[in-house]
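This is data_8.json. It holds JSON, C-alpha atoms.
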```json
[["chain", "number", "residue", "atom", "x", "y", "z"],
["A", 14, "MET", "CA", 216.50, 52.75, 184.23],
["A", 15, "GLU", "CA", 213.66, 55.25, 184.14],
["A", 16, "TRP", "CA", 214.25, 58.81, 182.96],
["A", 17, "THR", "CA", 212.45, 62.08, 183.69],
["A", 18, "LYS", "CA", 212.55, 65.51, 182.05],
["A", 19, "ALA", "CA", 214.20, 68.24, 184.06],
["A", 20, "SER", "CA", 214.30, 71.98, 183.45],
["A", 21, "LEU", "CA", 217.94, 73.08, 183.79],
["A", 22, "SER", "CA", 218.95, 76.71, 184.27],
["A", 23, "ILE", "CA", 222.65, 77.48, 183.78],
["A", 24, "ASN", "CA", 223.74, 80.88, 185.07],
["A", 25, "GLU", "CA", 226.90, 83.02, 185.10],
["A", 26, "ILE", "CA", 228.05, 81.81, 181.65],
["A", 27, "GLU", "CA", 230.93, 83.90, 180.30],
["A", 28, "HIS", "CA", 229.59, 83.42, 176.77],
["A", 29, "LYS", "CA", 232.08, 85.83, 175.17],
["A", 30, "ARG", "CA", 234.72, 83.13, 175.68],
["A", 31, "GLY", "CA", 232.92, 81.13, 172.97],
["A", 32, "GLY", "CA", 232.91, 77.35, 172.78],
["A", 33, "LYS", "CA", 230.29, 74.94, 174.09],
["A", 34, "ILE", "CA", 228.43, 74.42, 177.34],
["A", 35, "CYS", "CA", 228.43, 70.67, 178.01],
["A", 36, "VAL", "CA", 226.18, 69.07, 180.61],
["A", 37, "TYR", "CA", 227.05, 65.61, 181.93],
["A", 38, "VAL", "CA", 224.65, 63.46, 183.99],
["A", 39, "PHE", "CA", 226.46, 60.91, 186.16],
["A", 40, "LEU", "CA", 225.90, 58.16, 188.62],
["A", 41, "GLU", "CA", 228.82, 57.72, 191.02],
["A", 42, "ASP", "CA", 231.03, 55.79, 188.59],
["A", 43, "GLY", "CA", 233.40, 58.20, 186.84],
["A", 44, "PHE", "CA", 232.05, 61.42, 188.41],
["A", 45, "PRO", "CA", 233.16, 64.07, 187.56],
["A", 46, "VAL", "CA", 236.31, 63.42, 185.55],
["A", 47, "LYS", "CA", 235.55, 60.49, 183.23],
["A", 48, "HIS", "CA", 233.14, 62.02, 180.74],
["A", 49, "ASP", "CA", 232.84, 58.73, 178.84],
["A", 50, "LYS", "CA", 231.19, 57.20, 181.93],
["A", 51, "SER", "CA", 228.43, 59.82, 182.07],
["A", 52, "LEU", "CA", 224.91, 58.50, 181.45],
["A", 53, "LYS", "CA", 223.95, 61.45, 179.24],
["A", 54, "LYS", "CA", 225.75, 64.35, 177.61],
["A", 55, "PHE", "CA", 224.15, 67.52, 176.24],
["A", 56, "CYS", "CA", 226.18, 70.27, 174.52],
["A", 57, "TYR", "CA", 225.03, 73.74, 173.47],
["A", 58, "ASP", "CA", 226.70, 76.80, 171.93],
["A", 59, "ALA", "CA", 227.74, 79.38, 174.52],
["A", 60, "THR", "CA", 225.77, 82.37, 173.23],
["A", 61, "GLN", "CA", 224.31, 84.07, 176.33],
["A", 62, "ASN", "CA", 225.04, 84.49, 180.03],
["A", 63, "THR", "CA", 222.00, 82.44, 181.14],
["A", 64, "MET", "CA", 220.65, 79.34, 179.51],
["A", 65, "GLN", "CA", 217.46, 77.34, 179.99],
["A", 66, "THR", "CA", 217.16, 73.83, 178.56],
["A", 67, "GLU", "CA", 215.41, 70.52, 179.13],
["A", 68, "ILE", "CA", 217.49, 67.44, 179.87],
["A", 69, "GLN", "CA", 216.79, 63.84, 180.86],
["A", 70, "VAL", "CA", 217.79, 62.65, 184.34],
["A", 71, "PRO", "CA", 217.39, 59.24, 186.00],
["A", 72, "ASN", "CA", 214.77, 58.56, 188.68],
["A", 73, "ILE", "CA", 217.57, 57.61, 191.10],
["A", 74, "PRO", "CA", 220.18, 59.84, 192.79],
["A", 75, "PHE", "CA", 222.52, 61.43, 190.23],
["A", 76, "ALA", "CA", 225.00, 64.29, 189.86],
["A", 77, "ILE", "CA", 225.50, 66.91, 187.14],
["A", 78, "LYS", "CA", 228.72, 68.47, 185.92],
["A", 79, "ILE", "CA", 228.64, 71.45, 183.56],
["A", 80, "HIS", "CA", 231.80, 72.31, 181.64],
["A", 81, "HIS", "CA", 232.32, 75.43, 179.51],
["A", 82, "ASP", "CA", 234.47, 73.75, 176.88],
["A", 83, "GLU", "CA", 235.98, 76.88, 175.33],
["A", 84, "ASP", "CA", 238.43, 75.07, 173.07],
["A", 85, "ALA", "CA", 236.19, 72.09, 172.15],
["A", 86, "SER", "CA", 238.81, 69.66, 173.48],
["A", 87, "GLY", "CA", 236.30, 67.50, 175.34],
["A", 88, "THR", "CA", 238.41, 67.80, 178.49],
["A", 89, "VAL", "CA", 238.81, 70.51, 181.11],
["A", 90, "THR", "CA", 241.76, 72.67, 180.07],
["A", 91, "LYS", "CA", 244.11, 73.49, 182.96],
["A", 92, "ASP", "CA", 246.03, 76.71, 183.63],
["A", 93, "TRP", "CA", 249.83, 76.99, 183.68],
["A", 94, "THR", "CA", 250.01, 74.96, 186.92],
["A", 95, "GLY", "CA", 248.57, 71.91, 185.17],
["A", 96, "PHE", "CA", 246.21, 71.49, 188.10],
["A", 97, "ILE", "CA", 243.77, 74.41, 188.24],
["A", 98, "PRO", "CA", 240.94, 74.47, 185.65],
["A", 99, "ALA", "CA", 241.16, 77.33, 183.13],
["A", 100, "GLU", "CA", 237.54, 76.88, 181.99],
["A", 101, "GLY", "CA", 234.21, 77.36, 183.74],
["A", 102, "LEU", "CA", 232.69, 74.52, 185.75],
["A", 103, "GLY", "CA", 229.49, 73.99, 187.70],
["A", 104, "PHE", "CA", 228.08, 71.11, 189.73],
["A", 105, "SER", "CA", 224.72, 70.05, 191.11],
["A", 106, "SER", "CA", 223.85, 70.61, 194.77],
["A", 107, "GLY", "CA", 226.21, 73.61, 194.90],
["A", 108, "ALA", "CA", 229.29, 71.36, 195.04],
["A", 109, "GLU", "CA", 232.53, 73.26, 194.48],
["A", 110, "LEU", "CA", 236.14, 72.62, 193.58],
["A", 111, "GLY", "CA", 238.49, 72.29, 196.54],
["A", 112, "PHE", "CA", 241.88, 70.66, 196.28],
["A", 113, "GLY", "CA", 240.50, 68.71, 193.35],
["A", 114, "PRO", "CA", 237.05, 67.98, 191.99],
["A", 115, "PRO", "CA", 234.03, 67.55, 194.28],
["A", 116, "SER", "CA", 232.98, 64.06, 195.30],
["A", 117, "PHE", "CA", 229.81, 62.41, 194.09],
["A", 118, "GLY", "CA", 228.52, 62.73, 197.66],
["A", 119, "ASP", "CA", 228.92, 66.52, 197.50],
["A", 120, "ALA", "CA", 227.05, 66.82, 194.18],
["A", 121, "VAL", "CA", 224.44, 64.05, 194.43],
["A", 122, "MET", "CA", 220.79, 65.03, 194.11],
["A", 123, "THR", "CA", 217.36, 63.80, 193.18],
["A", 124, "LEU", "CA", 215.06, 65.79, 190.93],
["A", 125, "PRO", "CA", 213.13, 68.38, 192.97],
["A", 126, "ALA", "CA", 209.32, 68.12, 192.91],
["A", 127, "ASP", "CA", 209.09, 71.17, 190.62],
["A", 128, "GLY", "CA", 211.49, 69.54, 188.12],
["A", 129, "LYS", "CA", 213.85, 72.54, 188.17],
["A", 130, "ILE", "CA", 217.63, 72.45, 188.59],
["A", 131, "ILE", "CA", 219.74, 75.63, 188.80],
["A", 132, "ILE", "CA", 223.53, 75.57, 188.44],
["A", 133, "ASP", "CA", 225.91, 78.53, 188.36],
["A", 134, "LEU", "CA", 229.20, 78.27, 186.49],
["A", 135, "ILE", "CA", 232.40, 79.31, 188.29],
["A", 136, "TYR", "CA", 235.44, 80.55, 186.37],
["A", 137, "PRO", "CA", 239.03, 80.79, 187.57]]
```
Write the structure described by the file as C-alpha coordinates, please.
Amino acid sequence: MEWTKASLSINEIEHKRGGKICVYVFLEDGFPVKHDKSLKKFCYDATQNTMQTEIQVPNIPFAIKIHHDEDASGTVTKDWTGFIPAEGLGFSSGAELGFGPPSFGDAVMTLPADGKIIIDLIYP
(Lines of atoms letter the chains of each structure in order from A and count residues from 1; the text may use other names and numbers.)
(Lines give C-alpha, C1' and ligand atoms only; values in the text may rest on other atoms or scores of the structure.)
Protein backbone atom coordinates (compact mmCIF):
# COMPACT_ATOMS: atom_id res chain seq x y z
CA MET A 1 0.00 0.00 0.00
CA GLU A 2 1.27 3.45 -0.89
CA TRP A 3 1.17 6.28 1.65
CA THR A 4 1.03 10.06 1.29
CA LYS A 5 1.60 12.91 3.72
CA ALA A 6 -1.48 14.87 4.71
CA SER A 7 -1.77 18.11 6.64
CA LEU A 8 -4.40 17.57 9.35
CA SER A 9 -6.07 20.45 11.20
CA ILE A 10 -8.02 19.49 14.33
CA ASN A 11 -10.32 22.21 15.64
CA GLU A 12 -12.62 22.78 18.63
CA ILE A 13 -10.36 20.84 21.05
CA GLU A 14 -11.41 21.33 24.67
CA HIS A 15 -7.77 21.12 25.73
CA LYS A 16 -8.44 22.04 29.37
CA ARG A 17 -9.88 18.54 29.78
CA GLY A 18 -6.30 17.23 29.42
CA GLY A 19 -5.42 13.83 28.02
CA LYS A 20 -4.44 12.93 24.47
CA ILE A 21 -5.80 13.60 21.01
CA CYS A 22 -5.60 10.30 19.10
CA VAL A 23 -6.00 10.11 15.33
CA TYR A 24 -6.89 6.76 13.75
CA VAL A 25 -6.68 6.08 9.99
CA PHE A 26 -8.96 3.24 8.88
CA LEU A 27 -10.03 1.27 5.90
CA GLU A 28 -13.55 -0.12 6.24
CA ASP A 29 -12.58 -3.06 8.48
CA GLY A 30 -13.06 -2.10 12.12
CA PHE A 31 -14.12 1.53 11.53
CA PRO A 32 -14.61 3.35 13.86
CA VAL A 33 -14.77 1.20 16.99
CA LYS A 34 -11.95 -1.34 16.72
CA HIS A 35 -8.86 0.81 17.21
CA ASP A 36 -6.56 -2.21 16.85
CA LYS A 37 -7.72 -2.56 13.22
CA SER A 38 -6.70 0.99 12.29
CA LEU A 39 -3.89 1.26 9.74
CA LYS A 40 -2.15 4.09 11.61
CA LYS A 41 -2.50 5.75 15.00
CA PHE A 42 -1.08 9.13 16.00
CA CYS A 43 -1.46 10.55 19.54
CA TYR A 44 -0.63 14.05 20.78
CA ASP A 45 -0.98 15.92 24.08
CA ALA A 46 -4.12 18.06 24.23
CA THR A 47 -2.53 21.45 24.87
CA GLN A 48 -4.42 23.92 22.65
CA ASN A 49 -7.83 24.37 21.05
CA THR A 50 -6.52 23.95 17.48
CA MET A 51 -3.84 21.58 16.32
CA GLN A 52 -1.95 21.21 13.05
CA THR A 53 0.01 18.04 12.32
CA GLU A 54 1.24 15.88 9.46
CA ILE A 55 0.02 12.30 9.19
CA GLN A 56 0.34 9.48 6.68
CA VAL A 57 -2.75 8.35 4.76
CA PRO A 58 -3.16 5.63 2.11
CA ASN A 59 -3.58 6.42 -1.59
CA ILE A 60 -6.95 4.62 -1.54
CA PRO A 61 -10.24 5.68 0.11
CA PHE A 62 -9.92 5.83 3.90
CA ALA A 63 -11.64 7.29 6.96
CA ILE A 64 -10.31 9.14 10.01
CA LYS A 65 -11.55 9.03 13.58
CA ILE A 66 -10.23 11.49 16.16
CA HIS A 67 -10.75 10.71 19.83
CA HIS A 68 -9.99 13.06 22.73
CA ASP A 69 -8.87 10.36 25.15
CA GLU A 70 -9.15 12.35 28.36
CA ASP A 71 -8.47 9.44 30.71
CA ALA A 72 -5.86 7.63 28.55
CA SER A 73 -7.99 4.47 28.56
CA GLY A 74 -7.55 3.80 24.85
CA THR A 75 -11.32 3.49 24.48
CA VAL A 76 -14.13 6.02 24.23
CA THR A 77 -15.47 6.59 27.74
CA LYS A 78 -19.28 6.61 27.91
CA ASP A 79 -21.56 8.74 30.09
CA TRP A 80 -23.89 7.37 32.77
CA THR A 81 -26.15 5.81 30.10
CA GLY A 82 -23.34 3.51 28.98
CA PHE A 83 -24.17 4.45 25.40
CA ILE A 84 -23.39 8.14 24.81
CA PRO A 85 -19.70 9.14 24.49
CA ALA A 86 -18.41 11.34 27.32
CA GLU A 87 -15.29 12.37 25.37
CA GLY A 88 -14.79 14.42 22.20
CA LEU A 89 -14.92 12.73 18.81
CA GLY A 90 -14.46 13.84 15.21
CA PHE A 91 -14.67 12.06 11.86
CA SER A 92 -13.56 12.70 8.30
CA SER A 93 -16.03 13.96 5.69
CA GLY A 94 -18.10 15.65 8.42
CA ALA A 95 -19.59 12.33 9.54
CA GLU A 96 -21.43 12.58 12.85
CA LEU A 97 -22.73 10.36 15.61
CA GLY A 98 -26.38 9.36 15.28
CA PHE A 99 -27.86 6.42 17.10
CA GLY A 100 -24.38 4.95 17.18
CA PRO A 101 -21.13 5.65 15.36
CA PRO A 102 -21.06 6.79 11.73
CA SER A 103 -20.57 4.22 9.00
CA PHE A 104 -17.43 3.97 6.91
CA GLY A 105 -19.53 5.19 3.97
CA ASP A 106 -20.37 8.40 5.85
CA ALA A 107 -16.73 9.13 6.73
CA VAL A 108 -14.85 7.78 3.69
CA MET A 109 -12.63 10.20 1.78
CA THR A 110 -9.64 10.48 -0.49
CA LEU A 111 -6.90 13.01 0.11
CA PRO A 112 -7.85 16.38 -1.42
CA ALA A 113 -5.51 17.78 -4.09
CA ASP A 114 -4.17 20.37 -1.63
CA GLY A 115 -3.31 17.62 0.88
CA LYS A 116 -5.32 19.31 3.67
CA ILE A 117 -7.86 17.64 5.95
CA ILE A 118 -9.88 19.61 8.53
CA ILE A 119 -11.82 17.89 11.32
CA ASP A 120 -13.74 19.52 14.18
CA LEU A 121 -14.16 17.67 17.46
CA ILE A 122 -17.66 17.42 18.96
CA TYR A 123 -18.18 17.02 22.71
CA PRO A 124 -21.29 15.82 24.53
Distance query region 15-17 of chain A at most 10 Å, only C-alpha atoms, self and fewer than 5 positions along chain excluded, as a VMD selection string: chain A and resid 68 to 73 124 128
Can you measure CA of His81 (chain A) to CA of Gly118 (chain A) for me? One decimal in Å is fine.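 The value is 22.5 Å.
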Measure the distance from CA of Lys53 (chain A) to CA of Cys35 (chain A) in Å and round it to one decimal.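 Atom-to-atom, CA of Lys53 (chain A) to CA of Cys35 (chain A), that is 10.3 Å.
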Have a look at CA of Asp133 (chain A) and CA of Asp42 (chain A) and let me know their distance in Å, one decimal. 23.3 Å
Applying 10 Å and only C-alpha atoms, which residues near region 45-49 of chain A remain after dropping the ones on its own chain fewer than 3 positions away? List them as a PyMOL selection string. chain A and resi 36-42+52-54+76-79+87-89+104+114-117+120
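Once Asn62 (chain A) and its same-chain neighbours fewer than 6 positions away are set aside, Ser22, Ile23, Asn24, Glu25, Ile26, Glu27, His28, Lys29, Arg30, Gly31, Ile34, His81, Asp133 and Leu134 of chain A remain within 12 Å of it when counting all atoms listed in the file.
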Kindly indicate which residue among A:Ser106, A:Phe112, A:Thr60, A:Ala85 lies nearest to Ile132 (chain A), using only C-alpha atoms for the distances.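 Of all the options, A:Ser106 lies closest to Ile132 (chain A).
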Can you rebuild region 76-87 of chain A with all heavy atoms and give it as a PDB file, keeping the file's coordinate frame?
```pdb
ATOM      1  N   ALA A  76     224.261  63.032 189.731  1.00  0.00           N
ATOM      2  CA  ALA A  76     225.000  64.290 189.860  1.00  0.00           C
ATOM      3  C   ALA A  76     225.193  64.876 188.468  1.00  0.00           C
ATOM      4  O   ALA A  76     225.245  64.149 187.475  1.00  0.00           O
ATOM      5  CB  ALA A  76     226.348  64.060 190.528  1.00  0.00           C
ATOM      6  N   ILE A  77     225.296  66.203 188.413  1.00  0.00           N
ATOM      7  CA  ILE A  77     225.500  66.910 187.140  1.00  0.00           C
ATOM      8  C   ILE A  77     226.797  67.695 187.206  1.00  0.00           C
ATOM      9  O   ILE A  77     227.103  68.341 188.214  1.00  0.00           O
ATOM     10  CB  ILE A  77     224.330  67.873 186.854  1.00  0.00           C
ATOM     11  CG1 ILE A  77     223.042  67.088 186.624  1.00  0.00           C
ATOM     12  CG2 ILE A  77     224.640  68.765 185.653  1.00  0.00           C
ATOM     13  CD1 ILE A  77     221.811  67.960 186.442  1.00  0.00           C
ATOM     14  N   LYS A  78     227.531  67.628 186.117  1.00  0.00           N
ATOM     15  CA  LYS A  78     228.720  68.470 185.920  1.00  0.00           C
ATOM     16  C   LYS A  78     228.455  69.293 184.669  1.00  0.00           C
ATOM     17  O   LYS A  78     228.024  68.758 183.655  1.00  0.00           O
ATOM     18  CB  LYS A  78     229.965  67.625 185.701  1.00  0.00           C
ATOM     19  CG  LYS A  78     231.192  68.457 185.293  1.00  0.00           C
ATOM     20  CD  LYS A  78     232.347  67.550 184.909  1.00  0.00           C
ATOM     21  CE  LYS A  78     233.572  68.337 184.507  1.00  0.00           C
ATOM     22  NZ  LYS A  78     234.686  67.433 184.174  1.00  0.00           N
ATOM     23  N   ILE A  79     228.732  70.593 184.739  1.00  0.00           N
ATOM     24  CA  ILE A  79     228.640  71.450 183.560  1.00  0.00           C
ATOM     25  C   ILE A  79     230.035  71.999 183.299  1.00  0.00           C
ATOM     26  O   ILE A  79     230.709  72.492 184.208  1.00  0.00           O
ATOM     27  CB  ILE A  79     227.630  72.591 183.758  1.00  0.00           C
ATOM     28  CG1 ILE A  79     226.248  72.006 184.057  1.00  0.00           C
ATOM     29  CG2 ILE A  79     227.595  73.486 182.518  1.00  0.00           C
ATOM     30  CD1 ILE A  79     225.192  73.038 184.364  1.00  0.00           C
ATOM     31  N   HIS A  80     230.453  71.897 182.053  1.00  0.00           N
ATOM     32  CA  HIS A  80     231.800  72.310 181.640  1.00  0.00           C
ATOM     33  C   HIS A  80     231.677  73.291 180.485  1.00  0.00           C
ATOM     34  O   HIS A  80     231.063  72.967 179.472  1.00  0.00           O
ATOM     35  CB  HIS A  80     232.584  71.063 181.222  1.00  0.00           C
ATOM     36  CG  HIS A  80     233.877  71.334 180.539  1.00  0.00           C
ATOM     37  ND1 HIS A  80     234.348  70.538 179.533  1.00  0.00           N
ATOM     38  CD2 HIS A  80     234.809  72.304 180.702  1.00  0.00           C
ATOM     39  CE1 HIS A  80     235.507  71.001 179.112  1.00  0.00           C
ATOM     40  NE2 HIS A  80     235.803  72.079 179.799  1.00  0.00           N
ATOM     41  N   HIS A  81     232.248  74.481 180.624  1.00  0.00           N
ATOM     42  CA  HIS A  81     232.320  75.430 179.510  1.00  0.00           C
ATOM     43  C   HIS A  81     233.573  75.076 178.722  1.00  0.00           C
ATOM     44  O   HIS A  81     234.680  75.484 179.051  1.00  0.00           O
ATOM     45  CB  HIS A  81     232.386  76.875 180.025  1.00  0.00           C
ATOM     46  CG  HIS A  81     232.340  77.874 178.927  1.00  0.00           C
ATOM     47  ND1 HIS A  81     232.130  79.205 179.178  1.00  0.00           N
ATOM     48  CD2 HIS A  81     232.459  77.767 177.585  1.00  0.00           C
ATOM     49  CE1 HIS A  81     232.147  79.877 178.018  1.00  0.00           C
ATOM     50  NE2 HIS A  81     232.354  79.000 177.049  1.00  0.00           N
ATOM     51  N   ASP A  82     233.370  74.276 177.700  1.00  0.00           N
ATOM     52  CA  ASP A  82     234.470  73.750 176.880  1.00  0.00           C
ATOM     53  C   ASP A  82     234.827  74.792 175.813  1.00  0.00           C
ATOM     54  O   ASP A  82     234.389  74.719 174.675  1.00  0.00           O
ATOM     55  CB  ASP A  82     234.061  72.418 176.253  1.00  0.00           C
ATOM     56  CG  ASP A  82     235.232  71.671 175.646  1.00  0.00           C
ATOM     57  OD1 ASP A  82     236.367  72.169 175.711  1.00  0.00           O
ATOM     58  OD2 ASP A  82     234.998  70.569 175.109  1.00  0.00           O
ATOM     59  N   GLU A  83     235.648  75.749 176.207  1.00  0.00           N
ATOM     60  CA  GLU A  83     235.980  76.880 175.330  1.00  0.00           C
ATOM     61  C   GLU A  83     236.733  76.465 174.076  1.00  0.00           C
ATOM     62  O   GLU A  83     236.558  77.056 173.021  1.00  0.00           O
ATOM     63  CB  GLU A  83     236.814  77.905 176.098  1.00  0.00           C
ATOM     64  CG  GLU A  83     236.090  78.528 177.256  1.00  0.00           C
ATOM     65  CD  GLU A  83     237.002  79.403 178.088  1.00  0.00           C
ATOM     66  OE1 GLU A  83     237.908  80.043 177.515  1.00  0.00           O
ATOM     67  OE2 GLU A  83     236.813  79.453 179.312  1.00  0.00           O
ATOM     68  N   ASP A  84     237.589  75.465 174.199  1.00  0.00           N
ATOM     69  CA  ASP A  84     238.430  75.070 173.070  1.00  0.00           C
ATOM     70  C   ASP A  84     237.960  73.775 172.390  1.00  0.00           C
ATOM     71  O   ASP A  84     238.657  73.230 171.546  1.00  0.00           O
ATOM     72  CB  ASP A  84     239.887  74.942 173.493  1.00  0.00           C
ATOM     73  CG  ASP A  84     240.089  73.901 174.592  1.00  0.00           C
ATOM     74  OD1 ASP A  84     239.111  73.223 174.987  1.00  0.00           O
ATOM     75  OD2 ASP A  84     241.229  73.776 175.067  1.00  0.00           O
ATOM     76  N   ALA A  85     236.778  73.296 172.745  1.00  0.00           N
ATOM     77  CA  ALA A  85     236.190  72.090 172.150  1.00  0.00           C
ATOM     78  C   ALA A  85     237.114  70.873 172.226  1.00  0.00           C
ATOM     79  O   ALA A  85     237.118  70.024 171.351  1.00  0.00           O
ATOM     80  CB  ALA A  85     235.755  72.348 170.711  1.00  0.00           C
ATOM     81  N   SER A  86     237.884  70.780 173.321  1.00  0.00           N
ATOM     82  CA  SER A  86     238.810  69.660 173.480  1.00  0.00           C
ATOM     83  C   SER A  86     238.146  68.430 174.076  1.00  0.00           C
ATOM     84  O   SER A  86     238.691  67.330 173.994  1.00  0.00           O
ATOM     85  CB  SER A  86     239.979  70.077 174.392  1.00  0.00           C
ATOM     86  OG  SER A  86     239.504  70.312 175.706  1.00  0.00           O
ATOM     87  N   GLY A  87     236.980  68.620 174.699  1.00  0.00           N
ATOM     88  CA  GLY A  87     236.300  67.500 175.340  1.00  0.00           C
ATOM     89  C   GLY A  87     236.818  67.219 176.741  1.00  0.00           C
ATOM     90  O   GLY A  87     236.313  66.352 177.436  1.00  0.00           O
TER      91      GLY A  87
END
```
